[in-house]
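> The structure's right below; bear with me while I get my questions together.
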Amino acid sequence: MIYEKTYNDIKVRIENLEMQRKRDVLRLLYLLSLFIMRTRTVGGKDIEMRYSLWLKEHALKALIYYGITRGLFETYDYAPALSIWGSLTRFINTSNEAERDLAKLINNRLLQRLRLATPTYRYIFAYRLIDDEVEKLLTEMPEDIKRDVEEVFKCPFCGDWKNVYIKFECERHGSEKIIPILYCERCKKRIDKLPEIPERGIDGILHPEDVEYEIEPVSIHEFMEEEYRD
Ligand SMILES: [Zn+2]
């Protein structure tokens with residue numbers, strides 16, 4: 001009986017994890033749509049068409065990082081990884097779980113990935129949603145998933161998420177180091193780093209956290225003797 005209980009526990013845990021992962025894929029998709037779907041009017045004033053822009057890899061990674069730090073995703077984490085950032089290569093906080101889900105969206109033909117050359121002949125990716133397929137999914141998407149994402153990315157001053165953009169600023173004039181910021185076009189303000197909130201803003205992606213290690217030399221002979229003493 002103990003065996004059966006344990007087996008069921010594990011089954012429930014796996015099912016819960018699967019549910020959390022599915023919700024995270026939907027949040028990721030909705031996050032993408034917020035920042036890259038735009039509306040344009042065609043054929044006079046009557047017909048509004050939604051279309052997708054291309055979003056560069058470093059912008060997407062910054063948005064995902066910000067989502068993780070604000071508790072948006074249930075199953076995503078981040079760790080420092082070497083990556084192309086603008087025209088430089090540097091360590092940035094990257095989510096392997098999000099990368100896996102982006103690959104899933106590409107396989108399911110919801111997302112397109114394009115390889116671009118930078119002015120310094122390095123290659124980066126840009127992402128675009130495949131409009132028709134995504135539109136269908138967005139209309140069917142649970143409202144609470146949409147709300148989760150909108151809450152994280154809305155402007156704290158005007159409460160709206162429709163005028164919030166990701167922008168990049170040079171660290172210093174002429175510097176190749178670019179820093180992401182979230183900006184509300186309506187309030188003309190940076191919104192991701194507020195004086196009253198002490199945590200880092202979206203630029204925290206550029207500050208991999210140091211993990212402290214305690215190192216002491218180990219003699220292989222002593223180690224083997226200890227391990228196999230009995
Ligand atoms: Zn605002």
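Chain labels A, B, ... are given in the sequence in which chains occur in the structure tokens; within each chain residues are numbered consecutively from 1, and ligands are likewise numbered from 1 in the order shown.
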Can you work out which residues are within 12 Å of ligand 1, considering only C-alpha atoms and all ligand atoms, and then hand them over as number ranges by chain?
A: 153-165, 182-192
> Do a neighbour search on A:Gly67 at 9 Å with only C-alpha atoms, toss out local chain neighbours closer than 6 positions, and write the hits as a list in words.
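Skipping anything fewer than 6 positions along the chain leaves Leu31, Phe73, Val149, Val152, Phe153 and Ile202 of chain A.
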> Go ahead and save the picked residues with C-alpha atoms, as a PDB file, in the first residue's frame.

```
ATOM      1  CA  LEU A  31       4.047  37.827 -23.701  1.00  0.00           C
ATOM      2  CA  PHE A  73       6.362  31.780 -14.711  1.00  0.00           C
ATOM      3  CA  VAL A 149       1.160  38.714 -18.138  1.00  0.00           C
ATOM      4  CA  VAL A 152       3.631  42.152 -14.836  1.00  0.00           C
ATOM      5  CA  PHE A 153       4.118  44.387 -17.863  1.00  0.00           C
ATOM      6  CA  ILE A 202      14.992  44.479 -16.544  1.00  0.00           C
TER       7      ILE A 202
END
```
> Between atom CA of A:Asp101 and atom CA of A:Met19, what is the spacing in Å?
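About the pair atom CA of A:Met19 and atom CA of A:Asp101: they are 13.9 Å apart.
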> Apply DSSP to the backbone of this structure and, from stretch 85-186 of chain A, keep only the residues in strand (DSSP E); write these as an mmCIF file with C-alpha atoms, in the first residue's frame.

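Result written to out.cif:
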```cif
data_model
loop_
_atom_site.group_PDB
_atom_site.id
_atom_site.type_symbol
_atom_site.label_atom_id
_atom_site.label_comp_id
_atom_site.auth_asym_id
_atom_site.auth_seq_id
_atom_site.Cartn_x
_atom_site.Cartn_y
_atom_site.Cartn_z
ATOM 1 C CA TRP A 85 24.212 40.865 -26.681
ATOM 2 C CA LEU A 88 29.157 42.005 -27.889
ATOM 3 C CA THR A 89 29.467 38.565 -26.356
ATOM 4 C CA ARG A 90 28.777 38.499 -22.642
ATOM 5 C CA PHE A 91 27.252 36.522 -19.800
ATOM 6 C CA ILE A 92 23.558 37.144 -19.427
ATOM 7 C CA ASN A 93 20.863 35.570 -17.258
ATOM 8 C CA THR A 94 19.227 33.084 -19.607
ATOM 9 C CA LEU A 111 6.788 31.106 -34.121
ATOM 10 C CA GLN A 112 9.368 31.831 -36.828
ATOM 11 C CA ARG A 113 13.047 32.307 -36.169
ATOM 12 C CA LEU A 114 15.306 34.230 -38.510
ATOM 13 C CA ARG A 115 19.089 34.390 -38.371
ATOM 14 C CA LEU A 116 20.500 37.887 -38.866
ATOM 15 C CA ALA A 117 24.044 39.173 -39.217
ATOM 16 C CA TYR A 123 24.800 36.117 -35.984
ATOM 17 C CA ILE A 124 21.744 36.685 -33.839
ATOM 18 C CA PHE A 125 18.170 35.442 -34.045
ATOM 19 C CA ALA A 126 14.961 37.391 -34.420
ATOM 20 C CA TYR A 127 11.482 36.025 -33.708
ATOM 21 C CA ARG A 128 8.105 36.632 -35.289
ATOM 22 C CA LEU A 129 4.702 35.099 -34.563
ATOM 23 C CA VAL A 164 4.758 49.778 -22.796
ATOM 24 C CA TYR A 165 7.773 49.023 -24.996
ATOM 25 C CA ILE A 166 11.195 47.535 -24.543
ATOM 26 C CA LYS A 167 13.956 49.934 -25.563
ATOM 27 C CA PHE A 168 17.730 49.871 -25.444
ATOM 28 C CA GLU A 169 20.030 52.642 -24.292
ATOM 29 C CA CYS A 170 23.793 52.881 -24.652
ATOM 30 C CA ILE A 178 23.330 48.376 -24.539
ATOM 31 C CA ILE A 179 20.956 48.326 -21.589
ATOM 32 C CA PRO A 180 17.298 47.248 -21.814
ATOM 33 C CA ILE A 181 14.580 49.374 -20.257
ATOM 34 C CA LEU A 182 10.793 49.080 -20.143
ATOM 35 C CA TYR A 183 9.244 52.372 -21.148
ATOM 36 C CA CYS A 184 5.698 53.727 -21.097
#
```
> Would you tabulate, counting only C-alpha atoms, all residues of stretch 48-145 of chain A that have an atom at most 6 Å from an atom of stretch 32-43 of chain A, showing the closest pair of atoms and their distance in Å to one decimal, sorted by chain then ascending number, as JSON lines?

```
{"residue": "A:Glu48", "atom": "CA", "partner": "A:Thr41", "partner_atom": "CA", "distance": 4.4}
{"residue": "A:Met49", "atom": "CA", "partner": "A:Arg40", "partner_atom": "CA", "distance": 5.3}
{"residue": "A:Arg50", "atom": "CA", "partner": "A:Thr39", "partner_atom": "CA", "distance": 4.3}
{"residue": "A:Tyr51", "atom": "CA", "partner": "A:Arg38", "partner_atom": "CA", "distance": 5.5}
{"residue": "A:Ser52", "atom": "CA", "partner": "A:Met37", "partner_atom": "CA", "distance": 4.5}
{"residue": "A:Leu53", "atom": "CA", "partner": "A:Ile36", "partner_atom": "CA", "distance": 5.1}
```
> Produce a file of the selected residues containing C-alpha atoms, as a tab-separated table (two decimals), in the first residue's frame.

```tsv
chain	number	residue	atom	x	y	z
A	48	GLU	CA	-8.14	46.45	-38.76
A	49	MET	CA	-5.43	43.88	-39.30
A	50	ARG	CA	-3.05	42.52	-36.72
A	51	TYR	CA	0.44	41.68	-37.80
A	52	SER	CA	3.69	40.61	-36.21
A	53	LEU	CA	6.97	42.50	-36.04
```
> List every residue of stretch 61-175 of chain A that has an atom at most 12 Å from any atom of stretch 13-17 of chain A, and for each one report the closest atom pair and its distance in Å to one decimal, counting only C-alpha atoms, with rows sorted by chain and then by increasing residue number, as a tab-separated table.

```
residue	atom	partner	partner_atom	distance
A:Glu74	CA	A:Leu17	CA	9.0
A:Thr75	CA	A:Leu17	CA	7.9
A:Tyr76	CA	A:Leu17	CA	11.6
```
> The selected residues should be written to file as a PDB file, in the first residue's frame (atoms: C-alpha atoms).

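Printed below is again_12.pdb as written:
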```pdb
ATOM      1  CA  GLU A  74       5.851  28.729 -12.516  1.00  0.00           C
ATOM      2  CA  THR A  75       8.556  26.505 -14.008  1.00  0.00           C
ATOM      3  CA  TYR A  76      11.198  28.883 -15.407  1.00  0.00           C
TER       4      TYR A  76
END
```
> For atom CA of A:Ser87 and atom CA of A:Lys177, determine how far apart the two atoms are, in Å to one decimal place.
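According to the coordinates, atom CA of A:Ser87 and atom CA of A:Lys177 are separated by 8.1 Å.
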> In Å, with one decimal, what is the gap from atom CA of A:Trp54 to atom CA of A:Gly201?
23.6 Å
> Quick one: of A:Leu26, A:Leu110, A:Ile145, A:Ile10, who's nearest to A:Asp132, counting only C-alpha atoms?
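The closest residue to A:Asp132 is A:Leu110.
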> If DSSP is run on the backbone, what residues of chain A are alpha helix (DSSP H)? A reply as a tab-separated table (two decimals) with N, CA and C atoms, in the first residue's frame would be ideal.

```tsv
chain	number	residue	atom	x	y	z
A	2	ILE	N	1.96	1.17	0.74
A	2	ILE	CA	2.86	2.32	0.76
A	2	ILE	C	3.33	2.62	-0.66
A	3	TYR	N	3.62	1.57	-1.38
A	3	TYR	CA	4.10	1.71	-2.76
A	3	TYR	C	3.07	2.45	-3.61
A	4	GLU	N	1.79	2.01	-3.44
A	4	GLU	CA	0.72	2.60	-4.26
A	4	GLU	C	0.56	4.10	-3.98
A	5	LYS	N	0.64	4.44	-2.67
A	5	LYS	CA	0.49	5.85	-2.30
A	5	LYS	C	1.61	6.69	-2.93
A	6	THR	N	2.82	6.18	-2.84
A	6	THR	CA	3.97	6.90	-3.38
A	6	THR	C	3.82	7.07	-4.89
A	7	TYR	N	3.40	5.98	-5.54
A	7	TYR	CA	3.24	6.03	-6.99
A	7	TYR	C	2.22	7.11	-7.39
A	8	ASN	N	1.08	7.14	-6.65
A	8	ASN	CA	0.06	8.15	-6.94
A	8	ASN	C	0.56	9.56	-6.69
A	9	ASP	N	1.33	9.70	-5.61
A	9	ASP	CA	1.90	11.02	-5.30
A	9	ASP	C	2.75	11.52	-6.45
A	10	ILE	N	3.59	10.60	-6.95
A	10	ILE	CA	4.49	10.99	-8.04
A	10	ILE	C	3.67	11.33	-9.28
A	11	LYS	N	2.63	10.51	-9.51
A	11	LYS	CA	1.78	10.75	-10.69
A	11	LYS	C	1.13	12.14	-10.61
A	12	VAL	N	0.61	12.47	-9.43
A	12	VAL	CA	-0.04	13.77	-9.23
A	12	VAL	C	0.98	14.90	-9.43
A	13	ARG	N	2.19	14.65	-8.88
A	13	ARG	CA	3.22	15.69	-8.99
A	13	ARG	C	3.59	15.93	-10.46
A	14	ILE	N	3.71	14.84	-11.22
A	14	ILE	CA	4.05	14.97	-12.64
A	14	ILE	C	2.92	15.69	-13.39
A	15	GLU	N	1.68	15.30	-13.07
A	15	GLU	CA	0.54	15.95	-13.74
A	15	GLU	C	0.50	17.45	-13.43
A	16	ASN	N	0.78	17.79	-12.15
A	16	ASN	CA	0.81	19.22	-11.77
A	16	ASN	C	1.88	19.96	-12.54
A	17	LEU	N	3.05	19.33	-12.63
A	17	LEU	CA	4.17	19.95	-13.34
A	17	LEU	C	3.80	20.17	-14.81
A	18	GLU	N	3.15	19.15	-15.40
A	18	GLU	CA	2.72	19.28	-16.80
A	18	GLU	C	1.76	20.45	-16.97
A	19	MET	N	0.84	20.61	-16.03
A	19	MET	CA	-0.13	21.72	-16.08
A	19	MET	C	0.60	23.05	-15.99
A	20	GLN	N	1.57	23.12	-15.04
A	20	GLN	CA	2.32	24.37	-14.87
A	20	GLN	C	3.12	24.70	-16.13
A	21	ARG	N	3.70	23.64	-16.72
A	21	ARG	CA	4.47	23.88	-17.96
A	21	ARG	C	3.58	24.38	-19.08
A	22	LYS	N	2.40	23.78	-19.20
A	22	LYS	CA	1.47	24.23	-20.26
A	22	LYS	C	1.08	25.69	-20.04
A	23	ARG	N	0.82	26.03	-18.79
A	23	ARG	CA	0.44	27.42	-18.51
A	23	ARG	C	1.59	28.37	-18.86
A	24	ASP	N	2.82	27.93	-18.57
A	24	ASP	CA	3.98	28.78	-18.88
A	24	ASP	C	4.16	28.98	-20.39
A	25	VAL	N	3.89	27.93	-21.19
A	25	VAL	CA	3.99	28.08	-22.65
A	25	VAL	C	2.98	29.13	-23.12
A	26	LEU	N	1.77	29.07	-22.55
A	26	LEU	CA	0.74	30.05	-22.94
A	26	LEU	C	1.15	31.47	-22.52
A	27	ARG	N	1.73	31.59	-21.31
A	27	ARG	CA	2.18	32.92	-20.84
A	27	ARG	C	3.27	33.46	-21.77
A	28	LEU	N	4.18	32.57	-22.17
A	28	LEU	CA	5.26	32.98	-23.07
A	28	LEU	C	4.69	33.47	-24.40
A	29	LEU	N	3.74	32.73	-24.92
A	29	LEU	CA	3.12	33.10	-26.20
A	29	LEU	C	2.40	34.44	-26.08
A	30	TYR	N	1.69	34.64	-24.98
A	30	TYR	CA	0.97	35.89	-24.81
A	30	TYR	C	1.94	37.07	-24.61
A	31	LEU	N	3.01	36.81	-23.89
A	31	LEU	CA	4.05	37.83	-23.70
A	31	LEU	C	4.61	38.26	-25.06
A	32	LEU	N	4.90	37.27	-25.90
A	32	LEU	CA	5.39	37.59	-27.25
A	32	LEU	C	4.38	38.44	-28.00
A	33	SER	N	3.11	38.05	-27.91
A	33	SER	CA	2.08	38.78	-28.67
A	33	SER	C	1.97	40.23	-28.19
A	34	LEU	N	2.13	40.47	-26.87
A	34	LEU	CA	2.02	41.84	-26.36
A	34	LEU	C	3.08	42.74	-26.96
A	35	PHE	N	4.27	42.20	-27.14
A	35	PHE	CA	5.37	43.05	-27.57
A	35	PHE	C	5.60	43.05	-29.08
A	36	ILE	N	5.02	42.08	-29.79
A	36	ILE	CA	5.32	42.10	-31.24
A	36	ILE	C	4.11	42.13	-32.16
A	57	GLU	N	16.54	38.67	-30.52
A	57	GLU	CA	16.77	37.70	-29.45
A	57	GLU	C	17.06	38.35	-28.09
A	58	HIS	N	17.91	39.39	-28.08
A	58	HIS	CA	18.27	39.95	-26.77
A	58	HIS	C	17.08	40.66	-26.11
A	59	ALA	N	16.18	41.24	-26.94
A	59	ALA	CA	14.97	41.86	-26.37
A	59	ALA	C	14.07	40.79	-25.77
A	60	LEU	N	13.92	39.70	-26.49
A	60	LEU	CA	13.07	38.61	-26.00
A	60	LEU	C	13.62	38.03	-24.70
A	61	LYS	N	14.94	37.82	-24.67
A	61	LYS	CA	15.54	37.26	-23.45
A	61	LYS	C	15.34	38.20	-22.26
A	62	ALA	N	15.44	39.50	-22.51
A	62	ALA	CA	15.26	40.47	-21.43
A	62	ALA	C	13.82	40.44	-20.90
A	63	LEU	N	12.86	40.33	-21.80
A	63	LEU	CA	11.45	40.28	-21.37
A	63	LEU	C	11.18	39.02	-20.55
A	64	ILE	N	11.75	37.90	-20.98
A	64	ILE	CA	11.56	36.64	-20.25
A	64	ILE	C	12.22	36.74	-18.87
A	65	TYR	N	13.43	37.28	-18.84
A	65	TYR	CA	14.13	37.45	-17.56
A	65	TYR	C	13.28	38.29	-16.60
A	66	TYR	N	12.74	39.39	-17.11
A	66	TYR	CA	11.93	40.28	-16.27
A	66	TYR	C	10.69	39.55	-15.75
A	67	GLY	N	10.07	38.76	-16.63
A	67	GLY	CA	8.90	37.95	-16.23
A	67	GLY	C	9.25	37.00	-15.09
A	68	ILE	N	10.41	36.36	-15.19
A	68	ILE	CA	10.83	35.42	-14.14
A	68	ILE	C	11.05	36.15	-12.82
A	69	THR	N	11.74	37.30	-12.88
A	69	THR	CA	12.01	38.02	-11.62
A	69	THR	C	10.72	38.53	-10.98
A	96	ASN	N	16.87	28.39	-19.61
A	96	ASN	CA	16.87	27.19	-20.47
A	96	ASN	C	15.46	26.69	-20.71
A	97	GLU	N	14.61	26.82	-19.68
A	97	GLU	CA	13.24	26.34	-19.82
A	97	GLU	C	12.50	27.15	-20.89
A	98	ALA	N	12.74	28.48	-20.90
A	98	ALA	CA	12.09	29.32	-21.91
A	98	ALA	C	12.64	28.99	-23.31
A	99	GLU	N	13.95	28.73	-23.40
A	99	GLU	CA	14.54	28.38	-24.70
A	99	GLU	C	13.88	27.10	-25.23
A	100	ARG	N	13.68	26.14	-24.31
A	100	ARG	CA	13.04	24.87	-24.70
A	100	ARG	C	11.62	25.14	-25.22
A	101	ASP	N	10.89	26.03	-24.55
A	101	ASP	CA	9.52	26.31	-24.98
A	101	ASP	C	9.47	27.12	-26.27
A	102	LEU	N	10.46	27.96	-26.50
A	102	LEU	CA	10.52	28.70	-27.77
A	102	LEU	C	10.71	27.70	-28.91
A	103	ALA	N	11.57	26.69	-28.67
A	103	ALA	CA	11.78	25.65	-29.69
A	103	ALA	C	10.48	24.90	-29.95
A	104	LYS	N	9.71	24.68	-28.87
A	104	LYS	CA	8.42	24.00	-29.00
A	104	LYS	C	7.46	24.83	-29.87
A	105	LEU	N	7.43	26.13	-29.65
A	105	LEU	CA	6.55	27.01	-30.43
A	105	LEU	C	6.96	27.03	-31.90
A	106	ILE	N	8.28	26.96	-32.14
A	106	ILE	CA	8.75	26.92	-33.53
A	106	ILE	C	8.32	25.60	-34.19
A	107	ASN	N	8.48	24.49	-33.46
A	107	ASN	CA	8.08	23.18	-33.99
A	107	ASN	C	6.59	23.11	-34.29
A	131	ASP	N	0.99	34.91	-37.71
A	131	ASP	CA	-0.23	35.64	-37.34
A	131	ASP	C	-1.50	34.80	-37.22
A	132	ASP	N	-1.84	34.10	-38.31
A	132	ASP	CA	-3.16	33.43	-38.34
A	132	ASP	C	-3.30	32.39	-37.23
A	133	GLU	N	-2.28	31.56	-37.09
A	133	GLU	CA	-2.33	30.49	-36.09
A	133	GLU	C	-2.41	31.07	-34.68
A	134	VAL	N	-1.60	32.11	-34.43
A	134	VAL	CA	-1.53	32.69	-33.10
A	134	VAL	C	-2.84	33.41	-32.77
A	135	GLU	N	-3.42	34.09	-33.75
A	135	GLU	CA	-4.70	34.79	-33.53
A	135	GLU	C	-5.75	33.84	-32.98
A	136	LYS	N	-5.81	32.65	-33.59
A	136	LYS	CA	-6.79	31.65	-33.15
A	136	LYS	C	-6.56	31.29	-31.69
A	137	LEU	N	-5.29	31.03	-31.37
A	137	LEU	CA	-4.95	30.64	-30.00
A	137	LEU	C	-5.22	31.75	-29.00
A	138	LEU	N	-4.95	33.00	-29.42
A	138	LEU	CA	-5.13	34.13	-28.51
A	138	LEU	C	-6.61	34.32	-28.14
A	139	THR	N	-7.49	34.08	-29.12
A	139	THR	CA	-8.92	34.24	-28.81
A	139	THR	C	-9.40	33.14	-27.85
A	140	GLU	N	-8.73	31.98	-27.91
A	140	GLU	CA	-9.16	30.88	-27.03
A	140	GLU	C	-8.40	30.87	-25.70
A	143	GLU	N	-8.52	33.83	-19.85
A	143	GLU	CA	-8.34	35.24	-19.46
A	143	GLU	C	-7.35	35.40	-18.31
A	144	ASP	N	-7.29	34.40	-17.40
A	144	ASP	CA	-6.38	34.56	-16.25
A	144	ASP	C	-4.92	34.51	-16.69
A	145	ILE	N	-4.64	33.77	-17.75
A	145	ILE	CA	-3.25	33.72	-18.28
A	145	ILE	C	-2.89	35.10	-18.82
A	146	LYS	N	-3.80	35.70	-19.59
A	146	LYS	CA	-3.55	37.03	-20.16
A	146	LYS	C	-3.34	38.05	-19.04
A	147	ARG	N	-4.21	37.95	-18.02
A	147	ARG	CA	-4.11	38.90	-16.89
A	147	ARG	C	-2.76	38.80	-16.18
A	148	ASP	N	-2.30	37.54	-15.97
A	148	ASP	CA	-0.99	37.32	-15.31
A	148	ASP	C	0.09	38.14	-16.01
A	149	VAL	N	0.11	38.06	-17.35
A	149	VAL	CA	1.16	38.71	-18.14
A	149	VAL	C	0.97	40.24	-18.12
A	150	GLU	N	-0.28	40.66	-18.30
A	150	GLU	CA	-0.56	42.11	-18.33
A	150	GLU	C	-0.20	42.77	-17.00
A	151	GLU	N	-0.47	42.06	-15.89
A	151	GLU	CA	-0.15	42.61	-14.57
A	151	GLU	C	1.35	42.91	-14.43
A	152	VAL	N	2.17	42.00	-14.96
A	152	VAL	CA	3.63	42.15	-14.84
A	152	VAL	C	4.15	43.29	-15.72
A	153	PHE	N	3.56	43.42	-16.91
A	153	PHE	CA	4.12	44.39	-17.86
A	153	PHE	C	3.34	45.69	-17.97
A	220	ILE	N	43.42	12.66	-3.90
A	220	ILE	CA	42.71	11.52	-4.48
A	220	ILE	C	42.96	10.25	-3.65
A	221	HIS	N	44.22	10.10	-3.19
A	221	HIS	CA	44.54	8.89	-2.42
A	221	HIS	C	43.74	8.83	-1.13
A	222	GLU	N	43.70	9.98	-0.43
A	222	GLU	CA	42.95	10.02	0.83
A	222	GLU	C	41.47	9.79	0.58
A	223	PHE	N	40.98	10.42	-0.49
A	223	PHE	CA	39.57	10.31	-0.84
A	223	PHE	C	39.20	8.85	-1.12
A	224	MET	N	40.04	8.17	-1.91
A	224	MET	CA	39.78	6.77	-2.26
A	224	MET	C	39.85	5.91	-1.00
A	225	GLU	N	40.80	6.20	-0.17
A	225	GLU	CA	40.93	5.40	1.06
A	225	GLU	C	39.70	5.56	1.93
A	226	GLU	N	39.22	6.81	2.06
A	226	GLU	CA	38.04	7.06	2.87
A	226	GLU	C	36.82	6.36	2.30
A	227	GLU	N	36.67	6.47	0.98
A	227	GLU	CA	35.49	5.89	0.32
A	227	GLU	C	35.44	4.37	0.46
```
